[in-house]
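What follows is data-v8.csv (CSV, C-alpha atoms).
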```csv
chain,number,residue,atom,x,y,z
A,11,MET,CA,58.7,-22.0,-37.1
A,12,ASN,CA,55.5,-20.3,-36.3
A,13,PRO,CA,54.4,-19.8,-32.6
A,14,PRO,CA,51.4,-21.9,-31.6
A,15,THR,CA,48.1,-20.0,-31.9
A,16,ILE,CA,45.2,-20.3,-29.6
A,17,ALA,CA,41.9,-20.8,-31.4
A,18,ARG,CA,39.6,-18.0,-30.4
A,19,ASN,CA,35.9,-18.3,-30.3
A,20,GLU,CA,34.7,-15.2,-32.2
A,21,MET,CA,31.1,-15.1,-30.8
A,22,PRO,CA,29.8,-11.8,-29.5
A,23,TRP,CA,29.8,-11.1,-25.7
A,24,TYR,CA,26.0,-11.2,-25.3
A,25,ARG,CA,26.0,-14.8,-26.4
A,26,ASP,CA,28.3,-15.8,-23.5
A,27,PRO,CA,26.3,-16.7,-20.3
A,28,TRP,CA,28.7,-15.2,-17.8
A,29,PRO,CA,27.9,-11.5,-18.4
A,30,TRP,CA,24.2,-12.2,-17.9
A,31,ILE,CA,24.8,-14.2,-14.8
A,32,LEU,CA,26.9,-11.4,-13.3
A,33,MET,CA,24.4,-8.7,-14.3
A,34,SER,CA,21.4,-10.6,-12.9
A,35,GLY,CA,22.3,-9.9,-9.2
A,36,PRO,CA,22.3,-6.1,-9.4
A,37,ALA,CA,19.2,-6.2,-11.8
A,38,VAL,CA,17.2,-8.1,-9.2
A,39,VAL,CA,18.2,-5.7,-6.5
A,40,VAL,CA,17.1,-2.7,-8.6
A,41,VAL,CA,13.7,-4.3,-9.3
A,42,ALA,CA,13.3,-5.2,-5.6
A,43,GLY,CA,14.1,-1.5,-4.7
A,44,PHE,CA,11.3,-0.3,-7.0
A,45,ILE,CA,8.8,-2.8,-5.6
A,46,THR,CA,9.7,-1.6,-2.1
A,47,LEU,CA,9.3,2.0,-3.1
A,48,TYR,CA,5.9,1.2,-4.6
A,49,ILE,CA,4.7,-0.6,-1.4
A,50,ALA,CA,5.9,2.3,0.7
A,51,ILE,CA,4.1,4.9,-1.3
A,52,VAL,CA,0.8,3.0,-1.7
A,53,ASN,CA,0.6,1.9,2.0
A,54,VAL,CA,1.1,5.1,3.9
A,55,ASP,CA,1.3,4.7,7.6
A,56,PRO,CA,-1.3,7.0,9.1
A,57,LEU,CA,-0.5,6.2,12.8
A,58,VAL,CA,1.8,9.2,13.3
A,59,VAL,CA,0.0,12.5,13.8
A,60,ASP,CA,1.3,15.5,11.8
A,61,GLN,CA,0.3,18.1,14.4
A,62,TYR,CA,1.4,16.3,17.5
A,63,TYR,CA,1.6,19.6,19.5
A,64,LYS,CA,-2.0,20.5,18.8
A,65,GLU,CA,-3.0,16.9,19.6
A,66,GLY,CA,-1.2,17.1,22.9
A,67,LEU,CA,-3.0,20.4,23.8
A,68,ALA,CA,-6.4,18.8,23.0
A,69,ILE,CA,-5.9,16.0,25.5
A,70,ASN,CA,-7.0,18.2,28.4
A,71,ARG,CA,-10.3,18.9,26.6
A,72,VAL,CA,-10.8,15.2,26.0
A,73,LEU,CA,-10.1,14.4,29.7
A,74,GLU,CA,-12.7,17.0,30.7
A,75,ARG,CA,-15.3,15.1,28.6
A,76,ASP,CA,-14.4,11.9,30.5
A,77,HIS,CA,-14.8,13.7,33.9
A,78,GLU,CA,-18.2,15.1,32.7
A,79,ALA,CA,-19.5,11.6,31.9
A,80,LEU,CA,-18.2,10.4,35.3
A,81,SER,CA,-19.9,13.2,37.2
A,82,ARG,CA,-23.2,12.6,35.4
A,83,GLY,CA,-23.0,8.9,36.2
A,84,TYR,CA,-23.1,7.7,32.6
A,85,ARG,CA,-22.5,4.1,31.8
A,86,ALA,CA,-23.5,2.3,28.5
A,87,THR,CA,-24.1,-1.3,27.6
A,88,ILE,CA,-23.7,-2.0,23.9
A,89,PHE,CA,-25.6,-4.9,22.3
A,90,VAL,CA,-24.6,-6.1,18.8
A,91,ASN,CA,-26.8,-8.7,17.1
A,92,GLU,CA,-25.3,-11.9,15.8
A,93,GLU,CA,-25.3,-10.8,12.1
A,94,ARG,CA,-23.4,-7.6,13.1
A,95,THR,CA,-26.1,-5.5,11.3
A,96,LEU,CA,-27.7,-3.7,14.3
A,97,VAL,CA,-26.2,-2.0,17.4
A,98,LYS,CA,-28.4,-1.1,20.4
A,99,VAL,CA,-27.1,1.1,23.3
A,100,GLN,CA,-28.7,1.2,26.7
A,101,ILE,CA,-27.4,4.1,28.8
A,102,ALA,CA,-27.5,4.5,32.6
A,103,GLY,CA,-27.9,8.0,33.9
A,104,GLU,CA,-30.1,11.0,33.1
A,105,LEU,CA,-29.5,11.6,29.4
A,106,GLN,CA,-30.5,14.8,27.6
A,107,SER,CA,-29.6,14.1,24.0
A,108,ASP,CA,-31.7,13.3,21.0
A,109,GLU,CA,-28.9,11.4,19.2
A,110,LEU,CA,-25.6,9.9,20.1
A,111,ARG,CA,-22.4,9.2,18.1
A,112,LEU,CA,-20.8,5.8,18.3
A,113,HIS,CA,-17.3,5.5,16.9
A,114,PHE,CA,-15.6,2.2,16.1
A,115,ALA,CA,-11.8,2.6,15.6
A,116,HIS,CA,-9.7,-0.2,14.2
A,117,PRO,CA,-6.5,-0.5,16.2
A,118,ALA,CA,-4.2,-0.5,13.2
A,119,LYS,CA,-6.0,0.7,10.1
A,120,ALA,CA,-7.7,4.1,10.2
A,121,ALA,CA,-9.4,3.3,6.8
A,122,LEU,CA,-11.6,0.8,8.6
A,123,ASP,CA,-12.9,3.2,11.3
A,124,ARG,CA,-16.7,3.7,11.3
A,125,GLU,CA,-19.0,6.2,12.9
A,126,PHE,CA,-22.7,5.7,13.5
A,127,THR,CA,-25.4,8.1,14.6
A,128,LEU,CA,-27.8,6.4,17.1
A,129,LYS,CA,-31.4,7.5,17.3
A,130,PRO,CA,-33.6,7.0,20.4
A,131,VAL,CA,-35.9,4.0,20.4
A,132,GLN,CA,-37.2,4.5,24.0
A,133,ALA,CA,-36.0,6.2,27.2
A,134,GLY,CA,-32.3,5.4,27.6
A,135,VAL,CA,-32.2,3.1,24.5
A,136,TYR,CA,-30.6,4.1,21.2
A,137,GLN,CA,-30.0,2.0,18.1
A,138,SER,CA,-28.5,2.2,14.6
A,139,PRO,CA,-27.8,-0.1,11.6
A,140,LEU,CA,-24.2,-1.4,11.8
A,141,GLN,CA,-21.6,-2.3,9.2
A,142,LEU,CA,-18.1,-3.2,10.3
A,143,ALA,CA,-15.2,-4.9,8.7
A,144,PRO,CA,-14.0,-8.1,10.4
A,145,ALA,CA,-11.4,-7.4,13.1
A,146,LYS,CA,-10.3,-9.1,16.3
A,147,ARG,CA,-10.7,-5.9,18.5
A,148,TRP,CA,-12.3,-2.5,18.2
A,149,HIS,CA,-11.7,0.7,20.2
A,150,VAL,CA,-15.2,2.2,20.9
A,151,GLU,CA,-16.2,5.7,21.8
A,152,LEU,CA,-19.7,6.9,22.6
A,153,GLU,CA,-20.5,10.6,22.9
A,154,ASP,CA,-23.4,13.1,22.6
A,155,ALA,CA,-23.9,15.2,19.5
A,156,LYS,CA,-22.5,18.3,21.2
A,157,LYS,CA,-19.4,16.5,22.4
A,158,GLN,CA,-19.8,17.4,26.0
A,159,TRP,CA,-19.1,13.9,27.4
A,160,ARG,CA,-17.8,10.6,26.2
A,161,LEU,CA,-17.6,6.9,27.2
A,162,THR,CA,-14.8,4.7,26.0
A,163,GLY,CA,-13.8,1.1,25.9
A,164,SER,CA,-12.8,-1.8,23.6
A,165,TRP,CA,-14.9,-4.6,22.1
A,166,ASP,CA,-13.9,-8.1,21.1
A,167,PRO,CA,-16.4,-9.2,18.4
A,168,ALA,CA,-16.6,-12.7,19.9
A,169,ASN,CA,-18.9,-11.1,22.5
A,170,SER,CA,-22.3,-9.8,21.6
A,171,SER,CA,-22.4,-7.1,24.4
A,172,PHE,CA,-19.9,-5.0,26.2
A,173,VAL,CA,-19.8,-2.0,28.6
A,174,LEU,CA,-18.5,1.5,28.1
A,175,GLU,CA,-17.4,3.6,31.0
A,176,PRO,CA,-15.7,7.0,31.4
A,177,ARG,CA,-12.0,6.9,32.0
A,178,ARG,CA,-11.0,7.8,35.6
```

Kindly return the structure encoded in the file as structure tokens.
Amino acid sequence: MNPPTIARNEMPWYRDPWPWILMSGPAVVVVAGFITLYIAIVNVDPLVVDQYYKEGLAINRVLERDHEALSRGYRATIFVNEERTLVKVQIAGELQSDELRLHFAHPAKAALDREFTLKPVQAGVYQSPLQLAPAKRWHVELEDAKKQWRLTGSWDPANSSFVLEPRR
């Protein structure tokens, strides 16, 4: 008497769904890893300063510029028109500069930072064309061309004017 035989299905392994189901999990993880690597390389985070020691030493020079603006009695009112195409700066204090530098820094993306050179229109009033990306808040710095003093503050674009003062 012959032992009972089991009928074998002689199809190749790649036709069976179970190997594909078992391999799909690790394959998805590998693809997600490459996508994460691509995102990390393309979107470099510029918030950390490479030369933090030199930046720390430079803080004293920056504070001296704030004290200089305070001793001169400088205070600036910034007016931005509704179309966000023109900025006008009215400065209080005896100013001895032919042009000023106005720097708008985005709080999170350094690529959106903009710097404008302001030309005098009349005594104590400077203006420049303006082009800014939409943002909820900007850090603003106003200084003379020789970088002897500076005024700082922040601006909410919902307001058409704001005041810059030296840090105390």

Residue neighbourhood A:Val99, 12 Å, only C-alpha atoms, exclusion window fewer than 4 positions, as a VMD selection string
chain A and resid 85 to 91 109 to 112 126 to 139 151 to 153 161 171 to 174

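Our summary of the geometry notes that atom CA of A:Glu104 is positioned 29.1 Å from atom CA of A:Glu92.
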
Would you please work out which residue, of A:Asp166, A:Asp76, A:Glu93, A:Asp55, is nearest to A:Leu140 when using all atoms listed in the file?
A:Glu93

Which residue, A:Met21, A:Ser170, A:Asp154, A:Val41, has the smallest gap to A:Arg75 when you use only C-alpha atoms?
A:Asp154

Looking at A:Ala145, A:Ala120, A:Val97, A:Val52, which one is nearest to A:Ala168, with distances taken over all atoms listed in the file?
A:Ala145

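Our summary of the geometry notes that atom CA of A:Leu96 is positioned 10.4 Å from atom CA of A:Leu142.
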
Using atom CA of A:Pro29 and atom CA of A:Gly43 as the two end points, give the distance in Å to one decimal.
21.9 Å

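Closest approach to A:Arg82 from the set A:Glu20, A:Leu105, A:Phe44, A:Asn12 is made by A:Leu105, with distances taken over only C-alpha atoms.
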
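Using all atoms listed in the file for every distance, the candidate list A:Leu73, A:Arg177, A:Ala143, A:His113 yields A:Leu73 as the residue closest to A:Gln158.
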
Could you please fill out stretch 136-170 of chain A with N, CA and C atoms and send it back as a PDB file, in the frame of the given file?
```
ATOM      1  N   TYR A 136     -30.909   3.524  22.528  1.00  0.00           N
ATOM      2  CA  TYR A 136     -30.600   4.100  21.200  1.00  0.00           C
ATOM      3  C   TYR A 136     -30.205   2.917  20.294  1.00  0.00           C
ATOM      4  N   GLN A 137     -30.438   3.060  18.979  1.00  0.00           N
ATOM      5  CA  GLN A 137     -30.000   2.000  18.100  1.00  0.00           C
ATOM      6  C   GLN A 137     -29.662   2.587  16.698  1.00  0.00           C
ATOM      7  N   SER A 138     -28.927   1.788  15.918  1.00  0.00           N
ATOM      8  CA  SER A 138     -28.500   2.200  14.600  1.00  0.00           C
ATOM      9  C   SER A 138     -28.159   0.933  13.784  1.00  0.00           C
ATOM     10  N   PRO A 139     -28.309   0.989  12.445  1.00  0.00           N
ATOM     11  CA  PRO A 139     -27.800  -0.100  11.600  1.00  0.00           C
ATOM     12  C   PRO A 139     -26.243  -0.112  11.751  1.00  0.00           C
ATOM     13  N   LEU A 140     -25.646  -1.271  11.555  1.00  0.00           N
ATOM     14  CA  LEU A 140     -24.200  -1.400  11.800  1.00  0.00           C
ATOM     15  C   LEU A 140     -23.571  -2.142  10.611  1.00  0.00           C
ATOM     16  N   GLN A 141     -22.437  -1.655  10.183  1.00  0.00           N
ATOM     17  CA  GLN A 141     -21.600  -2.300   9.200  1.00  0.00           C
ATOM     18  C   GLN A 141     -20.175  -2.150   9.540  1.00  0.00           C
ATOM     19  N   LEU A 142     -19.537  -3.247   9.935  1.00  0.00           N
ATOM     20  CA  LEU A 142     -18.100  -3.200  10.300  1.00  0.00           C
ATOM     21  C   LEU A 142     -17.341  -4.265   9.568  1.00  0.00           C
ATOM     22  N   ALA A 143     -16.097  -3.942   9.286  1.00  0.00           N
ATOM     23  CA  ALA A 143     -15.200  -4.900   8.700  1.00  0.00           C
ATOM     24  C   ALA A 143     -14.783  -5.928   9.758  1.00  0.00           C
ATOM     25  N   PRO A 144     -14.432  -7.137   9.377  1.00  0.00           N
ATOM     26  CA  PRO A 144     -14.000  -8.100  10.400  1.00  0.00           C
ATOM     27  C   PRO A 144     -12.685  -7.647  11.036  1.00  0.00           C
ATOM     28  N   ALA A 145     -12.645  -7.759  12.355  1.00  0.00           N
ATOM     29  CA  ALA A 145     -11.400  -7.400  13.100  1.00  0.00           C
ATOM     30  C   ALA A 145     -11.490  -8.168  14.444  1.00  0.00           C
ATOM     31  N   LYS A 146     -10.344  -8.334  15.075  1.00  0.00           N
ATOM     32  CA  LYS A 146     -10.300  -9.100  16.300  1.00  0.00           C
ATOM     33  C   LYS A 146     -10.620  -8.155  17.531  1.00  0.00           C
ATOM     34  N   ARG A 147     -10.450  -6.849  17.375  1.00  0.00           N
ATOM     35  CA  ARG A 147     -10.700  -5.900  18.500  1.00  0.00           C
ATOM     36  C   ARG A 147     -11.023  -4.544  17.877  1.00  0.00           C
ATOM     37  N   TRP A 148     -11.907  -3.828  18.539  1.00  0.00           N
ATOM     38  CA  TRP A 148     -12.300  -2.500  18.200  1.00  0.00           C
ATOM     39  C   TRP A 148     -12.146  -1.564  19.385  1.00  0.00           C
ATOM     40  N   HIS A 149     -11.667  -0.339  19.187  1.00  0.00           N
ATOM     41  CA  HIS A 149     -11.700   0.700  20.200  1.00  0.00           C
ATOM     42  C   HIS A 149     -13.050   1.439  19.973  1.00  0.00           C
ATOM     43  N   VAL A 150     -13.839   1.617  21.018  1.00  0.00           N
ATOM     44  CA  VAL A 150     -15.200   2.200  20.900  1.00  0.00           C
ATOM     45  C   VAL A 150     -15.302   3.433  21.707  1.00  0.00           C
ATOM     46  N   GLU A 151     -15.971   4.451  21.130  1.00  0.00           N
ATOM     47  CA  GLU A 151     -16.200   5.700  21.800  1.00  0.00           C
ATOM     48  C   GLU A 151     -17.657   6.117  21.611  1.00  0.00           C
ATOM     49  N   LEU A 152     -18.344   6.443  22.686  1.00  0.00           N
ATOM     50  CA  LEU A 152     -19.700   6.900  22.600  1.00  0.00           C
ATOM     51  C   LEU A 152     -19.767   8.318  23.190  1.00  0.00           C
ATOM     52  N   GLU A 153     -20.411   9.231  22.450  1.00  0.00           N
ATOM     53  CA  GLU A 153     -20.500  10.600  22.900  1.00  0.00           C
ATOM     54  C   GLU A 153     -21.813  11.232  22.448  1.00  0.00           C
ATOM     55  N   ASP A 154     -22.168  12.354  23.067  1.00  0.00           N
ATOM     56  CA  ASP A 154     -23.400  13.100  22.600  1.00  0.00           C
ATOM     57  C   ASP A 154     -23.048  13.901  21.407  1.00  0.00           C
ATOM     58  N   ALA A 155     -24.080  14.419  20.768  1.00  0.00           N
ATOM     59  CA  ALA A 155     -23.900  15.200  19.500  1.00  0.00           C
ATOM     60  C   ALA A 155     -23.130  16.475  19.758  1.00  0.00           C
ATOM     61  N   LYS A 156     -23.233  17.053  20.940  1.00  0.00           N
ATOM     62  CA  LYS A 156     -22.500  18.300  21.200  1.00  0.00           C
ATOM     63  C   LYS A 156     -21.111  18.087  21.741  1.00  0.00           C
ATOM     64  N   LYS A 157     -20.701  16.852  21.883  1.00  0.00           N
ATOM     65  CA  LYS A 157     -19.400  16.500  22.400  1.00  0.00           C
ATOM     66  C   LYS A 157     -19.042  17.054  23.729  1.00  0.00           C
ATOM     67  N   GLN A 158     -20.025  16.940  24.649  1.00  0.00           N
ATOM     68  CA  GLN A 158     -19.800  17.400  26.000  1.00  0.00           C
ATOM     69  C   GLN A 158     -19.276  16.313  26.915  1.00  0.00           C
ATOM     70  N   TRP A 159     -19.568  15.056  26.606  1.00  0.00           N
ATOM     71  CA  TRP A 159     -19.100  13.900  27.400  1.00  0.00           C
ATOM     72  C   TRP A 159     -18.791  12.760  26.479  1.00  0.00           C
ATOM     73  N   ARG A 160     -18.075  11.779  27.005  1.00  0.00           N
ATOM     74  CA  ARG A 160     -17.800  10.600  26.200  1.00  0.00           C
ATOM     75  C   ARG A 160     -17.549   9.380  27.118  1.00  0.00           C
ATOM     76  N   LEU A 161     -17.832   8.202  26.575  1.00  0.00           N
ATOM     77  CA  LEU A 161     -17.600   6.900  27.200  1.00  0.00           C
ATOM     78  C   LEU A 161     -16.666   6.132  26.263  1.00  0.00           C
ATOM     79  N   THR A 162     -15.683   5.432  26.807  1.00  0.00           N
ATOM     80  CA  THR A 162     -14.800   4.700  26.000  1.00  0.00           C
ATOM     81  C   THR A 162     -14.578   3.274  26.444  1.00  0.00           C
ATOM     82  N   GLY A 163     -14.090   2.437  25.551  1.00  0.00           N
ATOM     83  CA  GLY A 163     -13.800   1.100  25.900  1.00  0.00           C
ATOM     84  C   GLY A 163     -13.346   0.305  24.663  1.00  0.00           C
ATOM     85  N   SER A 164     -13.220  -0.994  24.783  1.00  0.00           N
ATOM     86  CA  SER A 164     -12.800  -1.800  23.600  1.00  0.00           C
ATOM     87  C   SER A 164     -13.806  -2.980  23.535  1.00  0.00           C
ATOM     88  N   TRP A 165     -13.906  -3.514  22.327  1.00  0.00           N
ATOM     89  CA  TRP A 165     -14.900  -4.600  22.100  1.00  0.00           C
ATOM     90  C   TRP A 165     -14.177  -5.716  21.313  1.00  0.00           C
ATOM     91  N   ASP A 166     -14.370  -6.918  21.823  1.00  0.00           N
ATOM     92  CA  ASP A 166     -13.900  -8.100  21.100  1.00  0.00           C
ATOM     93  C   ASP A 166     -15.175  -8.678  20.432  1.00  0.00           C
ATOM     94  N   PRO A 167     -15.180  -8.743  19.091  1.00  0.00           N
ATOM     95  CA  PRO A 167     -16.400  -9.200  18.400  1.00  0.00           C
ATOM     96  C   PRO A 167     -16.871 -10.575  18.688  1.00  0.00           C
ATOM     97  N   ALA A 168     -16.110 -11.354  19.452  1.00  0.00           N
ATOM     98  CA  ALA A 168     -16.600 -12.700  19.900  1.00  0.00           C
ATOM     99  C   ALA A 168     -17.741 -12.505  20.890  1.00  0.00           C
ATOM    100  N   ASN A 169     -17.821 -11.346  21.542  1.00  0.00           N
ATOM    101  CA  ASN A 169     -18.900 -11.100  22.500  1.00  0.00           C
ATOM    102  C   ASN A 169     -19.977 -10.240  21.846  1.00  0.00           C
ATOM    103  N   SER A 170     -21.224 -10.525  22.220  1.00  0.00           N
ATOM    104  CA  SER A 170     -22.300  -9.800  21.600  1.00  0.00           C
ATOM    105  C   SER A 170     -22.669  -8.515  22.420  1.00  0.00           C
TER     106      SER A 170
END
```
